[in-house]
Amino acid sequence: MERVILHVDMDAYFASVEQQINPSLRGRPVLVCGNPLTKTVVASASYEAKRQGVRSGMSIPEALKLCPDAILVPGNPICYAETSRVVFSLLSLFTDTLEIYSIDEAFLDVSRTFPLFGGKGALGRRIKETIRKKTGLTCSVGMAPNKLLAKIAASLVKPDGLRIIEEKEVPELMSDLPVEEVPGIGPRLASLLSDWGITTCGQLQRLGENFLITRFGLRGRFLYQAACGFDNSPVVPTPPQPKSIGHSYTLPFNTDHTDFLRSVLFRLAEQVAARMRQSSFHGRVVTVCLRLDDFTTFTRQRKFASVPPDGRRIFTLAWQIFSSFTLVRPVRLLGISVSELSAETPLPLFPEEKTRENLFHTVDEINRRLGENTVFPATFLLEKMVKPPVPKTHAFQFWRFKHSDTTRIPT
């Protein structure tokens, strides 16, 4: 059976997610970072910024010298993790052998399934289109006989590309491939090899495996095999249990209205609880994230003895955390997540706990059959009762503000 490994790499992931959340950022250079008021580095740069020389890991002053018109956006870990969950759940539709490599990368062994989708090219295009339709994000896809070559293939066609490497192409491809394109060969090692006059994998091959082992030890064997395009490592399926379950929501308007924020936080807590119940999870850590209207982002968490899949309980704990913030500006985004998950669900000890648990499952079943929020707590109605503030700007600015803030990643 032909071995076919697929590598999916999301394009400028954090920055692209931010551009989906806030459409006014689309087409503009975006730098995702920590708190811009402190010493921080670029976690992700949009392709508009990358074209001006900005790279991940740069200091903010260095990046702004290259791209003075860049927009600094504090990172939103809850939203990135939630969007990753959506992407990985989509990828699992194409194979049961899925290895999550990082928050924005995954390997798939599609050796048995690619013929079912009309061949390699058709499968690659199908995956890209599925992710784009669901999240609005683009990805680069590489397909090859092994993981190393699949990752190389995806990197060669970023952004939004698809590259298939066939077995017969490997010798010629690797002969001319720059050594820095090989995963595992970083800038320092590439610079050392360049000092020896080695800039391509073909030249590295000609040094011979024995010489490289003598010079680099066991790493020398990896260098030789990688330069030849050899890689026998399997795609190891990632256990399905998530590290956390969370939801975030960009508000339809910036506000510090307490009742409105309580209602939104309650709804987020109910959504998190419903997903926890689907897998019978309890947790121990509750995290609350909020972003102000100037894009300053705060995240705080607390550890508890047990966090049950009960929206009211999660909300109570989250509201304690939220109340510890001092709001100096209106809020534009709220998020809740529960982590340190465990499938060992404690049995309800009291009759009222059992009654409440039965109620949860009944409501979940109704909403599953008839649609989300068919049955919901009356607290949710407060969101509809609070009217957006009338902005003190002209009509065009109000239109843009009103529409740009209501788009968010579907979950």
# chains A, B, ... in the order shown; residues from 1 in each chain; ligands from 1
>>> residues_around(residues="Ile314 in chain A", least_positions_apart="4", cutoff="9 Å", atoms="only C-alpha atoms", output="short mmCIF file (atom, residue, chain, number, x, y, z; two decimals) with C-alpha atoms, in the first residue's frame")
data_model
loop_
_atom_site.label_atom_id
_atom_site.label_comp_id
_atom_site.auth_asym_id
_atom_site.auth_seq_id
_atom_site.Cartn_x
_atom_site.Cartn_y
_atom_site.Cartn_z
CA PHE A 266 -23.41 33.30 31.87
CA ALA A 269 -20.41 29.38 30.96
CA GLU A 270 -23.47 27.44 29.74
CA VAL A 272 -18.63 25.48 28.13
CA ALA A 273 -20.69 23.31 30.49
CA VAL A 286 -11.34 28.30 35.39
CA VAL A 307 -15.42 22.43 38.42
CA PRO A 308 -18.52 20.44 37.40
CA PRO A 309 -20.21 20.69 33.97
CA ASP A 310 -22.82 23.02 35.44
CA ALA A 318 -15.95 32.93 36.52
CA TRP A 319 -17.79 35.94 37.93
CA ILE A 336 -14.16 31.48 29.61
CA VAL A 338 -12.10 25.22 31.98
#
>>> closest_residue(among="A:Met58, A:Val87, A:Val73, A:Cys201", to="Leu137 in chain A", atoms="only C-alpha atoms")
A:Val87
>>> closest_residue(among="A:Cys79, A:Val170, A:Ala70, A:Ile165", to="Val4 in chain A", atoms="only C-alpha atoms")
A:Ile165
>>> residues_around(residues="Gly220 in chain A", least_positions_apart="3", cutoff="12 Å", atoms="only C-alpha atoms", output="list in words")
Gly184, Ile185, Leu189, Leu204, Gln205, Leu207, Gly208, Glu209, Asn210, Phe211, Leu212, Ile213, Thr214, Arg215, Phe216, Gly217, Leu223, Tyr224, Gln225, Ala226 and Ala227 of chain A
>>> write_last_selection(atoms="N, CA and C atoms", output="PDB file, in the first residue's frame")
ATOM      1  N   GLY A 184      14.256  21.011  11.570  1.00  0.00           N
ATOM      2  CA  GLY A 184      15.303  20.523  12.454  1.00  0.00           C
ATOM      3  C   GLY A 184      16.652  21.161  12.192  1.00  0.00           C
ATOM      4  N   ILE A 185      16.788  21.842  11.067  1.00  0.00           N
ATOM      5  CA  ILE A 185      18.020  22.592  10.789  1.00  0.00           C
ATOM      6  C   ILE A 185      17.706  24.066  10.985  1.00  0.00           C
ATOM      7  N   LEU A 189      22.716  26.258  12.826  1.00  0.00           N
ATOM      8  CA  LEU A 189      23.323  25.132  12.123  1.00  0.00           C
ATOM      9  C   LEU A 189      23.452  25.424  10.639  1.00  0.00           C
ATOM     10  N   LEU A 204      25.043  18.382   1.338  1.00  0.00           N
ATOM     11  CA  LEU A 204      25.090  17.737   2.646  1.00  0.00           C
ATOM     12  C   LEU A 204      25.153  16.215   2.499  1.00  0.00           C
ATOM     13  N   GLN A 205      24.432  15.679   1.526  1.00  0.00           N
ATOM     14  CA  GLN A 205      24.489  14.241   1.267  1.00  0.00           C
ATOM     15  C   GLN A 205      25.903  13.796   0.919  1.00  0.00           C
ATOM     16  N   LEU A 207      28.671  14.882   1.885  1.00  0.00           N
ATOM     17  CA  LEU A 207      29.605  14.797   3.016  1.00  0.00           C
ATOM     18  C   LEU A 207      29.656  13.384   3.567  1.00  0.00           C
ATOM     19  N   GLY A 208      28.546  12.646   3.396  1.00  0.00           N
ATOM     20  CA  GLY A 208      28.492  11.258   3.846  1.00  0.00           C
ATOM     21  C   GLY A 208      28.013  11.128   5.274  1.00  0.00           C
ATOM     22  N   GLU A 209      27.323  10.005   5.545  1.00  0.00           N
ATOM     23  CA  GLU A 209      26.750   9.790   6.872  1.00  0.00           C
ATOM     24  C   GLU A 209      27.837   9.638   7.931  1.00  0.00           C
ATOM     25  N   ASN A 210      28.912   8.911   7.618  1.00  0.00           N
ATOM     26  CA  ASN A 210      29.964   8.678   8.610  1.00  0.00           C
ATOM     27  C   ASN A 210      30.617   9.987   9.051  1.00  0.00           C
ATOM     28  N   PHE A 211      30.891  10.862   8.082  1.00  0.00           N
ATOM     29  CA  PHE A 211      31.514  12.149   8.431  1.00  0.00           C
ATOM     30  C   PHE A 211      30.586  12.950   9.342  1.00  0.00           C
ATOM     31  N   LEU A 212      29.305  12.999   9.013  1.00  0.00           N
ATOM     32  CA  LEU A 212      28.358  13.791   9.799  1.00  0.00           C
ATOM     33  C   LEU A 212      28.193  13.222  11.205  1.00  0.00           C
ATOM     34  N   ILE A 213      28.232  11.878  11.325  1.00  0.00           N
ATOM     35  CA  ILE A 213      28.143  11.271  12.658  1.00  0.00           C
ATOM     36  C   ILE A 213      29.392  11.599  13.464  1.00  0.00           C
ATOM     37  N   THR A 214      30.542  11.571  12.808  1.00  0.00           N
ATOM     38  CA  THR A 214      31.783  11.923  13.498  1.00  0.00           C
ATOM     39  C   THR A 214      31.751  13.363  13.984  1.00  0.00           C
ATOM     40  N   ARG A 215      31.182  14.249  13.193  1.00  0.00           N
ATOM     41  CA  ARG A 215      31.164  15.679  13.533  1.00  0.00           C
ATOM     42  C   ARG A 215      30.047  16.029  14.506  1.00  0.00           C
ATOM     43  N   PHE A 216      28.854  15.413  14.339  1.00  0.00           N
ATOM     44  CA  PHE A 216      27.692  15.824  15.125  1.00  0.00           C
ATOM     45  C   PHE A 216      27.123  14.727  16.026  1.00  0.00           C
ATOM     46  N   GLY A 217      27.740  13.539  16.037  1.00  0.00           N
ATOM     47  CA  GLY A 217      27.201  12.458  16.839  1.00  0.00           C
ATOM     48  C   GLY A 217      25.912  11.918  16.221  1.00  0.00           C
ATOM     49  N   LEU A 223      20.873  14.370  10.197  1.00  0.00           N
ATOM     50  CA  LEU A 223      21.159  15.318   9.128  1.00  0.00           C
ATOM     51  C   LEU A 223      21.293  14.611   7.781  1.00  0.00           C
ATOM     52  N   TYR A 224      21.981  13.480   7.784  1.00  0.00           N
ATOM     53  CA  TYR A 224      22.161  12.762   6.512  1.00  0.00           C
ATOM     54  C   TYR A 224      20.835  12.230   6.005  1.00  0.00           C
ATOM     55  N   GLN A 225      20.073  11.575   6.885  1.00  0.00           N
ATOM     56  CA  GLN A 225      18.799  11.001   6.454  1.00  0.00           C
ATOM     57  C   GLN A 225      17.815  12.077   6.023  1.00  0.00           C
ATOM     58  N   ALA A 226      17.796  13.207   6.749  1.00  0.00           N
ATOM     59  CA  ALA A 226      16.895  14.304   6.372  1.00  0.00           C
ATOM     60  C   ALA A 226      17.296  14.886   5.034  1.00  0.00           C
ATOM     61  N   ALA A 227      18.604  15.008   4.796  1.00  0.00           N
ATOM     62  CA  ALA A 227      19.075  15.556   3.520  1.00  0.00           C
ATOM     63  C   ALA A 227      18.683  14.651   2.353  1.00  0.00           C
TER      64      ALA A 227
END
>>> closest_residue(among="A:Leu341, A:Ile127, A:Leu148, A:Leu108", to="Arg275 in chain A", atoms="only C-alpha atoms")
A:Leu341
>>> select_by_dssp(residues="range 210-353 of chain A", states="alpha helix (DSSP H)", output="PyMOL selection string")
chain A and resi 210-216+218-228+258-278+311-322+351-353
>>> write_last_selection(atoms="C-alpha atoms", output="PDB file, in the first residue's frame")
ATOM      1  CA  ASN A 210      29.964   8.678   8.610  1.00  0.00           C
ATOM      2  CA  PHE A 211      31.514  12.149   8.431  1.00  0.00           C
ATOM      3  CA  LEU A 212      28.358  13.791   9.799  1.00  0.00           C
ATOM      4  CA  ILE A 213      28.143  11.271  12.658  1.00  0.00           C
ATOM      5  CA  THR A 214      31.783  11.923  13.498  1.00  0.00           C
ATOM      6  CA  ARG A 215      31.164  15.679  13.533  1.00  0.00           C
ATOM      7  CA  PHE A 216      27.692  15.824  15.125  1.00  0.00           C
ATOM      8  CA  LEU A 218      23.713  10.935  16.581  1.00  0.00           C
ATOM      9  CA  ARG A 219      22.436  14.215  15.184  1.00  0.00           C
ATOM     10  CA  GLY A 220      24.695  13.644  12.203  1.00  0.00           C
ATOM     11  CA  ARG A 221      22.666  10.568  11.262  1.00  0.00           C
ATOM     12  CA  PHE A 222      19.496  12.676  11.318  1.00  0.00           C
ATOM     13  CA  LEU A 223      21.159  15.318   9.128  1.00  0.00           C
ATOM     14  CA  TYR A 224      22.161  12.762   6.512  1.00  0.00           C
ATOM     15  CA  GLN A 225      18.799  11.001   6.454  1.00  0.00           C
ATOM     16  CA  ALA A 226      16.895  14.304   6.372  1.00  0.00           C
ATOM     17  CA  ALA A 227      19.075  15.556   3.520  1.00  0.00           C
ATOM     18  CA  CYS A 228      18.105  12.421   1.581  1.00  0.00           C
ATOM     19  CA  THR A 258     -22.682  45.096  34.319  1.00  0.00           C
ATOM     20  CA  ASP A 259     -25.935  43.235  33.618  1.00  0.00           C
ATOM     21  CA  PHE A 260     -25.042  42.797  29.961  1.00  0.00           C
ATOM     22  CA  LEU A 261     -21.572  41.467  30.779  1.00  0.00           C
ATOM     23  CA  ARG A 262     -23.040  39.101  33.392  1.00  0.00           C
ATOM     24  CA  SER A 263     -25.477  37.761  30.804  1.00  0.00           C
ATOM     25  CA  VAL A 264     -22.739  37.185  28.218  1.00  0.00           C
ATOM     26  CA  LEU A 265     -20.506  35.507  30.794  1.00  0.00           C
ATOM     27  CA  PHE A 266     -23.406  33.297  31.867  1.00  0.00           C
ATOM     28  CA  ARG A 267     -24.077  32.258  28.278  1.00  0.00           C
ATOM     29  CA  LEU A 268     -20.398  31.422  27.743  1.00  0.00           C
ATOM     30  CA  ALA A 269     -20.414  29.379  30.963  1.00  0.00           C
ATOM     31  CA  GLU A 270     -23.468  27.442  29.738  1.00  0.00           C
ATOM     32  CA  GLN A 271     -21.771  26.729  26.396  1.00  0.00           C
ATOM     33  CA  VAL A 272     -18.626  25.476  28.126  1.00  0.00           C
ATOM     34  CA  ALA A 273     -20.690  23.310  30.491  1.00  0.00           C
ATOM     35  CA  ALA A 274     -22.675  21.773  27.619  1.00  0.00           C
ATOM     36  CA  ARG A 275     -19.466  20.731  25.853  1.00  0.00           C
ATOM     37  CA  MET A 276     -18.039  19.347  29.098  1.00  0.00           C
ATOM     38  CA  ARG A 277     -21.155  17.222  29.515  1.00  0.00           C
ATOM     39  CA  GLN A 278     -20.773  15.789  26.018  1.00  0.00           C
ATOM     40  CA  GLY A 311     -23.197  26.386  33.723  1.00  0.00           C
ATOM     41  CA  ARG A 312     -24.408  28.134  36.861  1.00  0.00           C
ATOM     42  CA  ARG A 313     -21.473  26.854  38.913  1.00  0.00           C
ATOM     43  CA  ILE A 314     -18.954  27.752  36.222  1.00  0.00           C
ATOM     44  CA  PHE A 315     -20.507  31.207  35.917  1.00  0.00           C
ATOM     45  CA  THR A 316     -20.293  31.757  39.683  1.00  0.00           C
ATOM     46  CA  LEU A 317     -16.590  30.890  39.678  1.00  0.00           C
ATOM     47  CA  ALA A 318     -15.947  32.929  36.519  1.00  0.00           C
ATOM     48  CA  TRP A 319     -17.786  35.943  37.933  1.00  0.00           C
ATOM     49  CA  GLN A 320     -15.545  35.843  41.005  1.00  0.00           C
ATOM     50  CA  ILE A 321     -12.545  36.077  38.694  1.00  0.00           C
ATOM     51  CA  PHE A 322     -14.153  38.729  36.498  1.00  0.00           C
ATOM     52  CA  PRO A 351     -31.233  14.289  45.333  1.00  0.00           C
ATOM     53  CA  GLU A 352     -31.153  17.915  44.164  1.00  0.00           C
ATOM     54  CA  GLU A 353     -27.831  17.274  42.426  1.00  0.00           C
TER      55      GLU A 353
END
>>> select_by_dssp(residues="range 144-381 of chain A", states="strand (DSSP E)", output="PyMOL selection string")
chain A and resi 144+162-164+244-255+283-292+297-307+331-339
>>> atom_distance(atom1="CA of Gly75 in chain A", atom2="CA of Arg332 in chain A")
13.9 Å
>>> atom_distance(atom1="CA of Gln203 in chain A", atom2="CA of Ile164 in chain A")
23.9 Å
